[in-house]
Each structure stands twice: as structure tokens, then as C-alpha cells.
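Peer 1: The structure file entry_4.csv (CSV, C-alpha atoms and all ligand atoms) is provided below.
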```csv
chain,number,residue,atom,x,y,z
G,1,MET,CA,-20.0,-54.2,11.2
G,2,LEU,CA,-19.8,-52.6,7.8
G,3,GLN,CA,-22.9,-50.6,8.5
G,4,VAL,CA,-21.5,-49.4,11.8
G,5,ARG,CA,-18.4,-48.2,10.1
G,6,ARG,CA,-20.5,-46.4,7.5
G,7,LEU,CA,-22.5,-44.8,10.2
G,8,ILE,CA,-19.4,-43.6,12.0
G,9,THR,CA,-18.0,-42.2,8.7
G,10,ILE,CA,-21.3,-40.3,8.0
G,11,LEU,CA,-21.3,-38.9,11.6
G,12,ILE,CA,-17.6,-37.7,11.3
G,13,THR,CA,-18.4,-36.1,8.0
G,14,TYR,CA,-21.5,-34.3,9.4
G,15,ILE,CA,-19.5,-33.0,12.4
G,16,PHE,CA,-16.7,-31.8,10.1
G,17,LEU,CA,-19.1,-30.0,7.8
G,18,THR,CA,-21.0,-28.4,10.7
G,19,VAL,CA,-17.7,-27.1,12.3
G,20,THR,CA,-16.2,-25.7,9.0
G,21,SER,CA,-19.4,-24.1,7.8
G,22,SER,CA,-20.0,-22.3,11.0
G,23,SER,CA,-16.5,-20.8,11.2
G,24,CYS,CA,-16.3,-17.0,10.8
G,25,VAL,CA,-14.7,-16.6,7.4
G,26,ASP,CA,-15.8,-13.8,5.1
G,27,GLU,CA,-17.1,-15.1,1.8
G,28,LEU,CA,-16.3,-13.0,-1.3
G,29,LEU,CA,-19.5,-12.8,-3.4
G,30,SER,CA,-18.2,-10.4,-6.1
G,31,GLU,CA,-15.3,-8.2,-6.9
G,32,THR,CA,-15.3,-5.6,-9.7
G,33,LEU,CA,-12.4,-3.4,-10.8
G,34,VAL,CA,-14.0,0.1,-10.9
G,35,TYR,CA,-10.9,2.3,-11.2
G,36,SER,CA,-7.5,1.8,-12.7
G,37,ASN,CA,-5.1,4.6,-13.5
G,38,ASN,CA,-1.4,4.1,-14.3
G,39,PHE,CA,-1.2,7.7,-15.7
G,40,SER,CA,-0.2,6.6,-19.2
G,41,THR,CA,-3.2,8.5,-20.6
G,42,LEU,CA,-2.4,11.5,-18.4
G,43,ASP,CA,-5.9,11.1,-16.8
G,44,LEU,CA,-6.0,13.4,-13.8
G,45,ARG,CA,-9.8,13.8,-13.5
G,46,ASN,CA,-11.0,14.2,-9.9
G,47,PHE,CA,-7.5,14.6,-8.5
G,48,THR,CA,-6.3,17.2,-6.1
G,49,ASN,CA,-2.6,18.2,-6.1
G,50,ALA,CA,-1.7,15.9,-9.0
G,51,ARG,CA,1.3,16.5,-11.2
G,52,LEU,CA,3.1,14.2,-13.5
G,53,PHE,CA,6.7,13.4,-14.4
G,54,VAL,CA,8.4,10.6,-16.3
G,55,PHE,CA,10.5,8.2,-14.2
G,56,GLN,CA,12.5,5.6,-16.1
G,57,GLY,CA,10.1,5.9,-19.1
G,58,ASP,CA,7.0,5.6,-17.0
G,59,THR,CA,4.6,8.5,-16.4
G,60,VAL,CA,3.9,8.7,-12.7
G,61,ALA,CA,2.2,11.1,-10.3
G,62,GLY,CA,4.8,12.9,-8.2
G,63,PHE,CA,7.1,13.7,-6.7
G,64,TYR,CA,6.0,14.5,-3.2
G,65,HIS,CA,7.6,15.3,0.2
G,66,ASN,CA,5.3,16.1,3.1
G,67,GLU,CA,2.3,16.5,0.8
G,68,GLU,CA,-0.9,14.7,0.0
G,69,LEU,CA,-2.4,13.5,-3.3
G,70,THR,CA,-6.1,12.9,-3.5
G,71,VAL,CA,-8.4,11.2,-6.0
G,72,LYS,CA,-12.2,10.8,-5.8
G,73,VAL,CA,-13.8,7.7,-7.4
G,74,LEU,CA,-17.4,8.4,-8.1
G,75,GLU,CA,-20.5,6.3,-8.8
G,76,LEU,CA,-19.4,3.0,-7.3
G,77,PRO,CA,-21.6,-0.1,-7.8
G,78,PRO,CA,-23.2,-1.7,-4.8
G,79,HIS,CA,-20.5,-2.9,-2.4
G,80,ASN,CA,-19.7,-3.3,1.3
G,81,ALA,CA,-15.9,-3.3,1.0
G,82,LEU,CA,-13.2,-1.9,-1.2
G,83,ARG,CA,-9.8,-3.3,-2.3
G,84,ILE,CA,-7.3,-0.5,-2.7
G,85,THR,CA,-4.1,-1.1,-4.5
G,86,ILE,CA,-1.4,1.5,-4.9
G,87,ASP,CA,2.1,1.2,-6.5
G,88,VAL,CA,4.4,3.6,-4.6
G,89,LEU,CA,7.9,4.6,-5.7
G,90,ALA,CA,10.2,5.5,-2.8
G,91,HIS,CA,12.9,7.7,-4.2
G,92,ASP,CA,16.4,8.3,-2.7
G,93,SER,CA,17.3,7.9,1.0
G,94,TRP,CA,14.2,6.9,2.9
G,95,ASP,CA,15.2,6.0,6.5
G,96,GLY,CA,12.5,3.6,7.6
G,97,ASN,CA,11.7,3.3,11.3
G,98,VAL,CA,14.7,5.3,12.6
G,99,ASP,CA,13.4,7.4,15.4
G,100,ASP,CA,16.1,10.0,16.0
G,101,GLY,CA,14.2,13.2,15.5
G,102,ILE,CA,16.5,14.0,12.5
G,103,SER,CA,16.1,11.4,9.8
G,104,GLY,CA,12.8,9.7,10.6
G,105,PRO,CA,10.7,7.8,11.0
G,106,ASP,CA,9.8,8.2,7.3
G,107,PHE,CA,6.1,7.4,7.1
G,108,TRP,CA,3.8,6.8,4.1
G,109,TYR,CA,0.1,6.5,4.6
G,110,PHE,CA,-3.3,6.6,2.9
G,111,LYS,CA,-6.8,7.6,4.0
G,112,ILE,CA,-10.3,6.6,3.0
G,113,ASP,CA,-12.8,9.4,3.2
G,114,ASP,CA,-10.4,11.4,5.4
G,115,GLU,CA,-9.8,8.6,7.9
G,116,GLU,CA,-6.3,7.1,8.0
G,117,VAL,CA,-6.5,3.3,7.3
G,118,TYR,CA,-2.9,2.5,6.4
G,119,ARG,CA,0.5,3.6,7.7
G,120,THR,CA,3.9,2.1,7.1
G,121,THR,CA,7.6,3.1,6.7
G,122,PHE,CA,10.1,2.4,3.8
G,123,SER,CA,13.8,2.2,4.1
G,124,ASN,CA,16.2,2.6,1.1
G,125,THR,CA,19.3,2.4,3.1
G,126,VAL,CA,22.1,-0.1,2.8
G,127,CYS,CA,22.1,-2.9,5.4
G,128,VAL,CA,25.4,-4.1,6.7
G,129,SER,CA,26.4,-5.6,10.1
G,130,SER,CA,27.2,-2.2,11.6
G,131,PHE,CA,24.3,-0.2,10.0
G,132,CYS,CA,20.8,-1.1,9.0
G,133,LEU,CA,17.7,1.1,9.2
G,134,ARG,CA,14.7,-1.3,9.2
G,135,GLN,CA,11.3,-0.6,7.6
G,136,SER,CA,7.8,-1.7,8.6
G,137,PHE,CA,6.6,-2.7,5.1
G,138,PRO,CA,5.2,-5.2,4.0
G,139,GLN,CA,3.3,-4.8,7.3
G,140,GLU,CA,1.9,-1.7,8.8
G,141,TYR,CA,3.9,0.4,11.3
G,142,PHE,CA,5.6,-0.8,13.6
G,143,ARG,CA,7.5,-3.8,12.3
G,144,GLN,CA,11.3,-4.4,11.9
G,145,ASN,CA,11.8,-5.7,8.4
G,146,PHE,CA,15.0,-5.3,6.3
G,147,PRO,CA,15.3,-2.4,3.8
G,148,LYS,CA,13.4,-3.0,0.5
G,149,THR,CA,11.6,-6.1,1.9
G,150,GLY,CA,8.6,-6.8,-0.3
G,151,ALA,CA,9.7,-4.6,-3.2
G,152,ILE,CA,8.2,-5.4,-6.6
G,153,GLN,CA,10.9,-3.6,-8.4
G,154,THR,CA,14.2,-1.8,-7.5
G,155,TYR,CA,16.0,0.8,-9.6
G,156,ASN,CA,19.6,1.8,-9.3
G,157,VAL,CA,18.6,5.4,-10.1
G,158,GLY,CA,17.2,7.8,-7.6
G,159,ARG,CA,15.1,10.8,-8.5
G,160,CYS,CA,17.4,13.5,-7.3
G,161,ASN,CA,20.1,12.2,-4.9
G,162,THR,CA,22.7,11.3,-7.6
G,163,GLY,CA,25.9,11.4,-5.6
G,164,PRO,CA,28.0,8.5,-4.3
G,165,ASN,CA,25.4,7.8,-1.7
G,166,ASN,CA,22.7,7.4,-4.4
G,167,LEU,CA,20.3,4.8,-2.9
G,168,GLY,CA,18.0,4.4,-6.0
G,169,THR,CA,14.3,4.0,-6.1
G,170,THR,CA,12.1,1.1,-4.8
G,171,LYS,CA,8.6,0.3,-6.0
G,172,TYR,CA,6.1,-1.3,-3.6
G,173,ARG,CA,2.6,-2.5,-4.1
G,174,VAL,CA,0.4,-1.5,-1.1
G,175,THR,CA,-2.9,-3.4,-0.9
G,176,LYS,CA,-5.7,-3.2,1.7
G,177,ILE,CA,-9.3,-4.3,1.9
G,178,ILE,CA,-11.5,-1.8,3.8
G,179,PRO,CA,-15.2,-2.0,4.8
G,180,HIS,CA,-17.0,0.7,2.8
G,181,PHE,CA,-20.5,1.7,1.8
G,182,GLY,CA,-21.7,4.7,-0.2
G,183,ASN,CA,-21.6,5.8,-3.8
G,184,ASP,CA,-18.3,7.7,-3.8
G,185,VAL,CA,-14.9,7.3,-2.2
G,186,LYS,CA,-12.1,9.8,-1.5
G,187,LEU,CA,-8.6,8.3,-1.5
G,188,THR,CA,-5.8,10.4,0.0
G,189,MET,CA,-2.1,9.4,-0.2
G,190,GLY,CA,0.5,11.2,1.9
G,191,ASP,CA,3.7,11.1,3.8
G,192,GLU,CA,5.4,12.3,6.9
G,193,LEU,CA,9.1,12.5,5.9
G,194,LEU,CA,11.8,13.9,8.2
G,195,GLN,CA,15.3,15.0,7.1
G,196,LEU,CA,16.4,17.9,9.2
G,197,ASN,CA,20.1,17.6,8.3
G,198,ALA,CA,19.7,17.8,4.5
G,199,ASN,CA,20.1,21.0,2.4
G,200,SER,CA,17.1,19.9,0.3
G,201,PRO,CA,14.9,17.4,2.1
G,202,LEU,CA,12.8,17.1,-1.1
G,203,CYS,CA,16.0,15.9,-2.9
G,204,ASP,CA,17.0,13.6,-0.1
G,205,GLU,CA,13.7,11.6,-0.1
G,206,SER,CA,10.4,11.7,-2.0
G,207,TRP,CA,7.7,9.5,-3.4
G,208,SER,CA,5.5,9.0,-6.4
G,209,VAL,CA,2.6,6.9,-7.4
G,210,SER,CA,2.7,4.8,-10.6
G,211,LYS,CA,-0.7,3.1,-10.4
G,212,ILE,CA,-3.9,3.2,-8.4
G,213,GLU,CA,-6.6,0.6,-8.5
G,214,VAL,CA,-10.0,0.4,-6.7
G,215,SER,CA,-12.2,-2.7,-6.7
G,216,ALA,CA,-15.7,-2.8,-5.3
G,217,MET,CA,-16.4,-6.0,-3.3
G,218,GLU,CA,-19.4,-7.7,-1.9
G,219,VAL,CA,-18.5,-9.8,1.1
G,220,ARG,CA,-20.7,-11.9,3.3
W,1,CA,CA,17.1,10.4,4.1
W,2,CA,CA,14.3,10.7,6.4
```
Can the structure in the file be given as C-alpha cells, please?
Ligand SMILES: [Ca+2]
Ligand SMILES: [Ca+2]
Peer 2:
Amino acid sequence: MLQVRRLITILITYIFLTVTSSSCVDELLSETLVYSNNFSTLDLRNFTNARLFVFQGDTVAGFYHNEELTVKVLELPPHNALRITIDVLAHDSWDGNVDDGISGPDFWYFKIDDEEVYRTTFSNTVCVSSFCLRQSFPQEYFRQNFPKTGAIQTYNVGRCNTGPNNLGTTKYRVTKIIPHFGNDVKLTMGDELLQLNANSPLCDESWSVSKIEVSAMEVR
């Protein structure tokens, strides 16, 4: 009887291992951080359209409104995927998903080798029962999350819009893993911001980047 039980246990274990080992889960073989830039050393090598300013004591690349910022990372080690991590500052009155043809949607995106791989919206608005402009982040567009969901830091100060409707600045960490081969990668960050009723759309809403990281991954 004991032997029968043992045999049954071995059989169940075998079936479990067979099922779990054949499931389609990618296995991470290696991950190497190959590029990290928080602009503290003013390193703008291989950038296009980069400019720096200091926000709350931190040197960042910015600010932008309907512009793109590009960096090339060269001589990557062997890999078949990249992990891209970007810390984005959303300054002032971003309007999220609102689709009124005047205020938004307010999109932020990035491209890998000129192909868009990520698109979301941010909302810095207040959220009360009678008024709340949702944002897609932490997911990609289109999702209906509350303003500032997933922020890693919020600041009471905006960059420009300093009046009674100052909506501050919100920092988000955008991360995505993308299949990639080849020795070099071109990373392009950009926005499609809309604010037709503002005297200065650039003052009304803009963005900056406080850190960029690229990791080379080998995945099976
Ligand atoms: Ca706005
Ligand atoms: Ca807007």
C-alpha cells in the first residue's frame, strides 16, 4: 500500500514538472545595464535636441512641448531584448485622456529605432466629483486611471504655470521591455500636447526627462 502511494506521488510530481516546464514563459538569462544618464554630469553625447535646466535642484533634460528628444546608445553587448526605463516629469496642467479637440488628449510616447513602442497620457488635474480628467498611465493608452496614478514623486511647484491654478509637477517612471537585436539603438522620446485655448501652450504644459536607463537582456 505504501509503495502504491509512493508511486502515485512520483507520478503526480512528474506530471506537474512536465506541465510547468513546457509552459511558454520567457526565461531571463542575463541583464546588463549598458546606459544610465541622470544628467548630473551634463553628459549629452549622442543626443539630438537636448538642452538642460535645473528643476528643484536636479539637472534634467527639458523642457519640451510638441518636440522630440533623441539619444543613440552605441556598441551594445549581445542581446535579444532591451529594457528601457525613463523618468519623465509632467509639468503644469496636463489634461490626460480628455478628447475635446482643445485641451487634449495629452500624449507622451517613445520610439525605438524610429518605431513607436509606447504611448500613454498623463493628467495633472484635480479630481473632484464634478471634474476629473483621467490618464492612461500606468498602462498604455487607452485606460481610465485617476490623475497622478503611479507617480513616483509629486511636486507642488510647476515649471511655469505659477498662478492660483498651479498644478505642480509629477514624476513617472516609464518602463518597457522590447525585442531588439543589433549593435546600436536609437531612443526617441516625444509628446503630442494640445492646448488651443492657452496664451502660451508651452507654459501651460510641458515635460522633461530626469533619467534614462537601457539594459541589454538575453531572454530564452
Ligand atoms: Ca493644460
Ligand atoms: Ca492639454
Peer 1: Given the choices G:Asp92, G:Asp114, G:Asp87, G:Glu140, which gets closest to ligand CA 1 (chain W) if the distance is worked out from only C-alpha atoms and all ligand atoms?
Peer 2: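 Smallest distance to ligand CA 1 (chain W) is found for G:Asp92.
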Peer 1: Please return as a PDB file with C-alpha atoms, in the frame of the given file the residues found within 9 Å of ligand CA 1 (chain W), counting all atoms listed in the file.
Peer 2:
```
ATOM      1  CA  ASP G  92      16.400   8.300  -2.700  1.00  0.00           C
ATOM      2  CA  SER G  93      17.300   7.900   1.000  1.00  0.00           C
ATOM      3  CA  TRP G  94      14.200   6.900   2.900  1.00  0.00           C
ATOM      4  CA  ASP G  95      15.200   6.000   6.500  1.00  0.00           C
ATOM      5  CA  GLY G  96      12.500   3.600   7.600  1.00  0.00           C
ATOM      6  CA  SER G 103      16.100  11.400   9.800  1.00  0.00           C
ATOM      7  CA  GLY G 104      12.800   9.700  10.600  1.00  0.00           C
ATOM      8  CA  ASP G 106       9.800   8.200   7.300  1.00  0.00           C
ATOM      9  CA  SER G 123      13.800   2.200   4.100  1.00  0.00           C
ATOM     10  CA  ASN G 124      16.200   2.600   1.100  1.00  0.00           C
ATOM     11  CA  THR G 125      19.300   2.400   3.100  1.00  0.00           C
ATOM     12  CA  LEU G 193       9.100  12.500   5.900  1.00  0.00           C
ATOM     13  CA  LEU G 194      11.800  13.900   8.200  1.00  0.00           C
ATOM     14  CA  GLN G 195      15.300  15.000   7.100  1.00  0.00           C
ATOM     15  CA  ASN G 197      20.100  17.600   8.300  1.00  0.00           C
ATOM     16  CA  ALA G 198      19.700  17.800   4.500  1.00  0.00           C
ATOM     17  CA  PRO G 201      14.900  17.400   2.100  1.00  0.00           C
ATOM     18  CA  CYS G 203      16.000  15.900  -2.900  1.00  0.00           C
ATOM     19  CA  ASP G 204      17.000  13.600  -0.100  1.00  0.00           C
ATOM     20  CA  GLU G 205      13.700  11.600  -0.100  1.00  0.00           C
TER      21      GLU G 205
END
```
Peer 1: For Phe53 (chain G), please output as number ranges by chain all residues within 10 Å (counting all atoms listed in the file; exclusion window: fewer than 6 positions along the same chain).
Peer 2: G: 39, 59-63, 208
Peer 1: So that I can check the surroundings of Asp43 (chain G), please list as a list in words every protein, DNA and RNA residue that reaches within 12 Å of it, counting all atoms listed in the file and ignoring chain neighbours fewer than 6 positions away.
Peer 2: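 Once the nearby chain positions are removed, what remains is Tyr35, Ser36, Asn37, Ala50, Arg51, Leu52, Thr59, Val60, Ala61, Val71, Lys211 and Ile212 of chain G.
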Peer 1: In Å to one decimal, how far is CA of Lys186 (chain G) from CA of Val88 (chain G)?
Peer 2: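 One can read the CA of Val88 (chain G) to CA of Lys186 (chain G) distance as 17.9 Å.
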Peer 1: Compile the contact shell of Thr121 (chain G) as a ChimeraX atom specification: residues with an atom at most 12 Å away, counting all atoms listed in the file, same-chain residues fewer than 5 positions apart removed.
Peer 2: /G:88,90,94-99,104-109,133-149,172,174,190-194,207
Peer 1: With distances taken over all atoms listed in the file, which residue among G:Leu82, G:Val214, G:Val185, G:Gln56 lies nearest Asn156 (chain G)?
Peer 2: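 The answer is G:Gln56, which sits nearest to Asn156 (chain G).
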